[in-house]
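Colleague: Provided herewith is a single structure, encoded as structure tokens, for subsequent inquiry.
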Amino acid sequence: MRTLVLNAGYEPLGVVSFKRAIVLVMNQKATVVASDPAHPVWAASGSWDRPSVIILRRYVRIPNGRSVPVSRRGVLRRDDNRCGYCGGSASTIDHILPRSRGGKDSWENLVACCLRCNNLKSDRTPQEMNWTLLVTPKAPHGTSWLVRGVERGVPDWEEYLARAA
């Protein structure tokens, strides 16, 4: 079980194990905001609700200038696993300007792509294929993109992740 960690401004900072969350709470470095009473934590001295969201007592600011690193998983997530050319289910990514022609690994040059379109396009540009992109690729933004683990969120986290978007 994982716990979402927020700063004093209710911005998500990361995801920790529930054990780490309990240590932070017991050492008075964090406060429980939401808990999971259906799965208590048992100890020799009793039981406690398992924390699902905690807030740090000291303010921790997230810098605005942090950029999201490019990754295959990130491109597929950004494009909602939909092919940028046909709209079908995407399982791979494609360089709009092929690497063989100087295309870079950047958010603006990568798009989610189905295997069929990727094979048909090969090392050509969409213009050479007379294809148009269904999406305009750009770098993702928002705190939820910077925090590892939130893509596999818990229902208790939705309210706090929505604030950060």
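By convention in this document, the chains of the structure tokens carry letters A, B, ... by their order, each chain's residues are numbered from 1, and ligands are numbered from 1 in the order they are shown.
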Env of region 65-75 of chain A: 8 Å cut, atoms = only C-alpha atoms, seq-sep filter 6 positions within chain, self excluded. Answer as a PDB file with C-alpha atoms, in the first residue's frame.
Modeller:
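Wrote it out as out_35.pdb, contents follow:
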```pdb
ATOM      1  CA  THR A  92       4.816   1.968 -29.729  1.00  0.00           C
ATOM      2  CA  ILE A  93       6.087   5.471 -30.425  1.00  0.00           C
ATOM      3  CA  ASP A 105      14.004  12.443 -28.933  1.00  0.00           C
ATOM      4  CA  SER A 106      11.793  15.290 -27.772  1.00  0.00           C
ATOM      5  CA  TRP A 107       8.173  15.641 -26.660  1.00  0.00           C
ATOM      6  CA  LEU A 110       7.459  11.892 -30.648  1.00  0.00           C
ATOM      7  CA  VAL A 111       3.924  10.574 -30.951  1.00  0.00           C
ATOM      8  CA  ALA A 112       2.192   7.372 -29.837  1.00  0.00           C
ATOM      9  CA  ALA A 139       5.607  18.511 -23.479  1.00  0.00           C
ATOM     10  CA  PRO A 140       3.211  17.577 -20.668  1.00  0.00           C
ATOM     11  CA  HIS A 141       2.800  19.908 -17.727  1.00  0.00           C
ATOM     12  CA  TRP A 145       3.599  14.455 -14.354  1.00  0.00           C
ATOM     13  CA  LEU A 146       6.501  15.233 -12.020  1.00  0.00           C
TER      14      LEU A 146
END
```
Colleague: From a DSSP calculation on the backbone, collect every residue of region 48-119 of chain A in helix (DSSP H, G or I) and output the set as a PDB file with N, CA and C atoms, in the first residue's frame.
Modeller:
```pdb
ATOM      1  N   ARG A  72       9.329   6.610 -23.355  1.00  0.00           N
ATOM      2  CA  ARG A  72       8.339   5.893 -24.147  1.00  0.00           C
ATOM      3  C   ARG A  72       7.015   5.827 -23.393  1.00  0.00           C
ATOM      4  N   ARG A  73       7.094   5.440 -22.125  1.00  0.00           N
ATOM      5  CA  ARG A  73       5.891   5.346 -21.294  1.00  0.00           C
ATOM      6  C   ARG A  73       5.184   6.697 -21.189  1.00  0.00           C
ATOM      7  N   GLY A  74       5.969   7.768 -21.066  1.00  0.00           N
ATOM      8  CA  GLY A  74       5.396   9.104 -20.962  1.00  0.00           C
ATOM      9  C   GLY A  74       4.668   9.532 -22.229  1.00  0.00           C
ATOM     10  N   VAL A  75       5.241   9.224 -23.392  1.00  0.00           N
ATOM     11  CA  VAL A  75       4.594   9.580 -24.661  1.00  0.00           C
ATOM     12  C   VAL A  75       3.285   8.813 -24.806  1.00  0.00           C
ATOM     13  N   LEU A  76       3.303   7.525 -24.489  1.00  0.00           N
ATOM     14  CA  LEU A  76       2.076   6.731 -24.569  1.00  0.00           C
ATOM     15  C   LEU A  76       1.030   7.262 -23.592  1.00  0.00           C
ATOM     16  N   ARG A  77       1.450   7.635 -22.398  1.00  0.00           N
ATOM     17  CA  ARG A  77       0.517   8.181 -21.400  1.00  0.00           C
ATOM     18  C   ARG A  77      -0.044   9.532 -21.860  1.00  0.00           C
ATOM     19  N   ARG A  78       0.830  10.399 -22.373  1.00  0.00           N
ATOM     20  CA  ARG A  78       0.387  11.720 -22.846  1.00  0.00           C
ATOM     21  C   ARG A  78      -0.664  11.582 -23.935  1.00  0.00           C
ATOM     22  N   ARG A  99      14.715   9.814 -36.940  1.00  0.00           N
ATOM     23  CA  ARG A  99      16.075  10.020 -36.422  1.00  0.00           C
ATOM     24  C   ARG A  99      17.106   9.966 -37.536  1.00  0.00           C
ATOM     25  N   SER A 100      16.830   9.167 -38.576  1.00  0.00           N
ATOM     26  CA  SER A 100      17.772   9.076 -39.696  1.00  0.00           C
ATOM     27  C   SER A 100      17.900  10.400 -40.446  1.00  0.00           C
ATOM     28  N   ARG A 101      16.958  11.318 -40.197  1.00  0.00           N
ATOM     29  CA  ARG A 101      16.995  12.635 -40.846  1.00  0.00           C
ATOM     30  C   ARG A 101      17.250  13.749 -39.834  1.00  0.00           C
ATOM     31  N   LEU A 115       1.373  -0.210 -34.399  1.00  0.00           N
ATOM     32  CA  LEU A 115       2.422  -0.939 -35.112  1.00  0.00           C
ATOM     33  C   LEU A 115       2.237  -0.827 -36.625  1.00  0.00           C
ATOM     34  N   ARG A 116       0.992  -0.886 -37.090  1.00  0.00           N
ATOM     35  CA  ARG A 116       0.711  -0.812 -38.523  1.00  0.00           C
ATOM     36  C   ARG A 116       1.179   0.525 -39.113  1.00  0.00           C
ATOM     37  N   CYS A 117       0.770   1.627 -38.479  1.00  0.00           N
ATOM     38  CA  CYS A 117       1.174   2.952 -38.986  1.00  0.00           C
ATOM     39  C   CYS A 117       2.686   3.142 -38.893  1.00  0.00           C
ATOM     40  N   ASN A 118       3.293   2.645 -37.832  1.00  0.00           N
ATOM     41  CA  ASN A 118       4.733   2.782 -37.652  1.00  0.00           C
ATOM     42  C   ASN A 118       5.483   2.062 -38.777  1.00  0.00           C
ATOM     43  N   ASN A 119       5.020   0.862 -39.137  1.00  0.00           N
ATOM     44  CA  ASN A 119       5.667   0.114 -40.216  1.00  0.00           C
ATOM     45  C   ASN A 119       5.426   0.763 -41.574  1.00  0.00           C
TER      46      ASN A 119
END
```
Colleague: Mind checking which residues fall within 9 Å of Ala38 (chain A), counting only C-alpha atoms, ignoring those fewer than 3 positions away in the same chain, and posting them as a compact mmCIF listing (two decimals) with C-alpha atoms, in the first residue's frame?
Modeller:
```
# COMPACT_ATOMS: atom_id res chain seq x y z
CA SER A 35 -6.71 7.24 5.76
CA ASP A 49 -5.84 3.67 10.38
CA ARG A 50 -3.46 3.21 7.46
```
Colleague: Using DSSP on the backbone, list every residue of region 39-161 of chain A that comes out as strand (DSSP E), and give them as a ChimeraX atom specification.
Modeller: /A:39-43,46-56,92-95,110-113
Colleague: Please list as a PyMOL selection string every residue within 6 Å of region 81-91 of chain A, counting only C-alpha atoms and excluding residues in the same chain fewer than 6 positions away.
Modeller: chain A and resi 111-114+133-135
Colleague: Show me, as a compact mmCIF listing (two decimals) with N, CA and C atoms, in the first residue's frame, the residues that have an atom within 12 Å of Tyr160 (chain A) when counting only C-alpha atoms, minus same-chain residues fewer than 6 positions from it.
Modeller:
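Output saved as around28.txt:
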```
# COMPACT_ATOMS: atom_id res chain seq x y z
N LEU A 4 0.28 8.97 -0.56
CA LEU A 4 0.59 10.20 -1.28
C LEU A 4 1.07 11.24 -0.28
N VAL A 5 2.18 11.92 -0.60
CA VAL A 5 2.74 12.95 0.28
C VAL A 5 2.49 14.32 -0.35
N LEU A 6 1.92 15.23 0.43
CA LEU A 6 1.65 16.59 -0.02
C LEU A 6 2.51 17.57 0.76
N ASN A 7 2.75 18.75 0.17
CA ASN A 7 3.42 19.80 0.93
C ASN A 7 2.34 20.68 1.56
N GLY A 9 1.21 23.41 0.74
CA GLY A 9 0.33 24.01 -0.26
C GLY A 9 -0.56 22.99 -0.95
N TYR A 10 -0.61 21.77 -0.41
CA TYR A 10 -1.41 20.66 -0.96
C TYR A 10 -0.96 20.26 -2.36
N GLU A 11 0.32 20.48 -2.67
CA GLU A 11 0.87 20.02 -3.94
C GLU A 11 1.48 18.65 -3.73
N PRO A 12 1.22 17.68 -4.62
CA PRO A 12 1.81 16.35 -4.47
C PRO A 12 3.33 16.40 -4.62
N LEU A 13 4.01 15.73 -3.69
CA LEU A 13 5.47 15.68 -3.72
C LEU A 13 5.98 14.31 -4.13
N GLY A 14 5.24 13.27 -3.79
CA GLY A 14 5.70 11.94 -4.10
C GLY A 14 4.82 10.89 -3.46
N VAL A 33 -4.03 13.20 6.35
CA VAL A 33 -5.13 13.94 5.75
C VAL A 33 -6.25 12.98 5.39
N ALA A 34 -5.91 11.82 4.85
CA ALA A 34 -6.89 10.79 4.50
C ALA A 34 -6.31 9.44 4.89
N SER A 52 -3.41 7.14 3.77
CA SER A 52 -3.35 7.09 2.31
C SER A 52 -2.89 8.43 1.74
N VAL A 53 -3.09 9.53 2.51
CA VAL A 53 -2.58 10.85 2.12
C VAL A 53 -2.06 11.53 3.38
N ILE A 54 -0.82 12.03 3.31
CA ILE A 54 -0.26 12.79 4.43
C ILE A 54 0.22 14.14 3.92
N ILE A 55 0.31 15.10 4.84
CA ILE A 55 0.81 16.43 4.49
C ILE A 55 2.00 16.72 5.39
N THR A 143 1.78 19.08 -12.03
CA THR A 143 2.51 18.41 -10.96
C THR A 143 2.40 16.90 -11.05
N SER A 144 1.25 16.40 -11.49
CA SER A 144 1.07 14.95 -11.52
C SER A 144 2.06 14.28 -12.48
N VAL A 150 2.01 8.40 -9.33
CA VAL A 150 0.63 8.86 -9.32
C VAL A 150 -0.18 8.33 -10.50
N GLY A 153 -2.78 5.65 -9.33
CA GLY A 153 -3.29 6.29 -8.13
C GLY A 153 -4.30 5.47 -7.35
N VAL A 154 -4.65 6.00 -6.21
CA VAL A 154 -5.63 5.43 -5.30
C VAL A 154 -6.82 6.38 -5.30
```
Colleague: From the set A:Thr136, A:Asp80, A:Pro51, A:His39, which residue has the shortest atom-to-atom contact distance to Asp156 (chain A), counting only C-alpha atoms?
Modeller: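 Comparing A:Thr136, A:Asp80, A:Pro51, A:His39 against Asp156 (chain A), the winner is A:Pro51.
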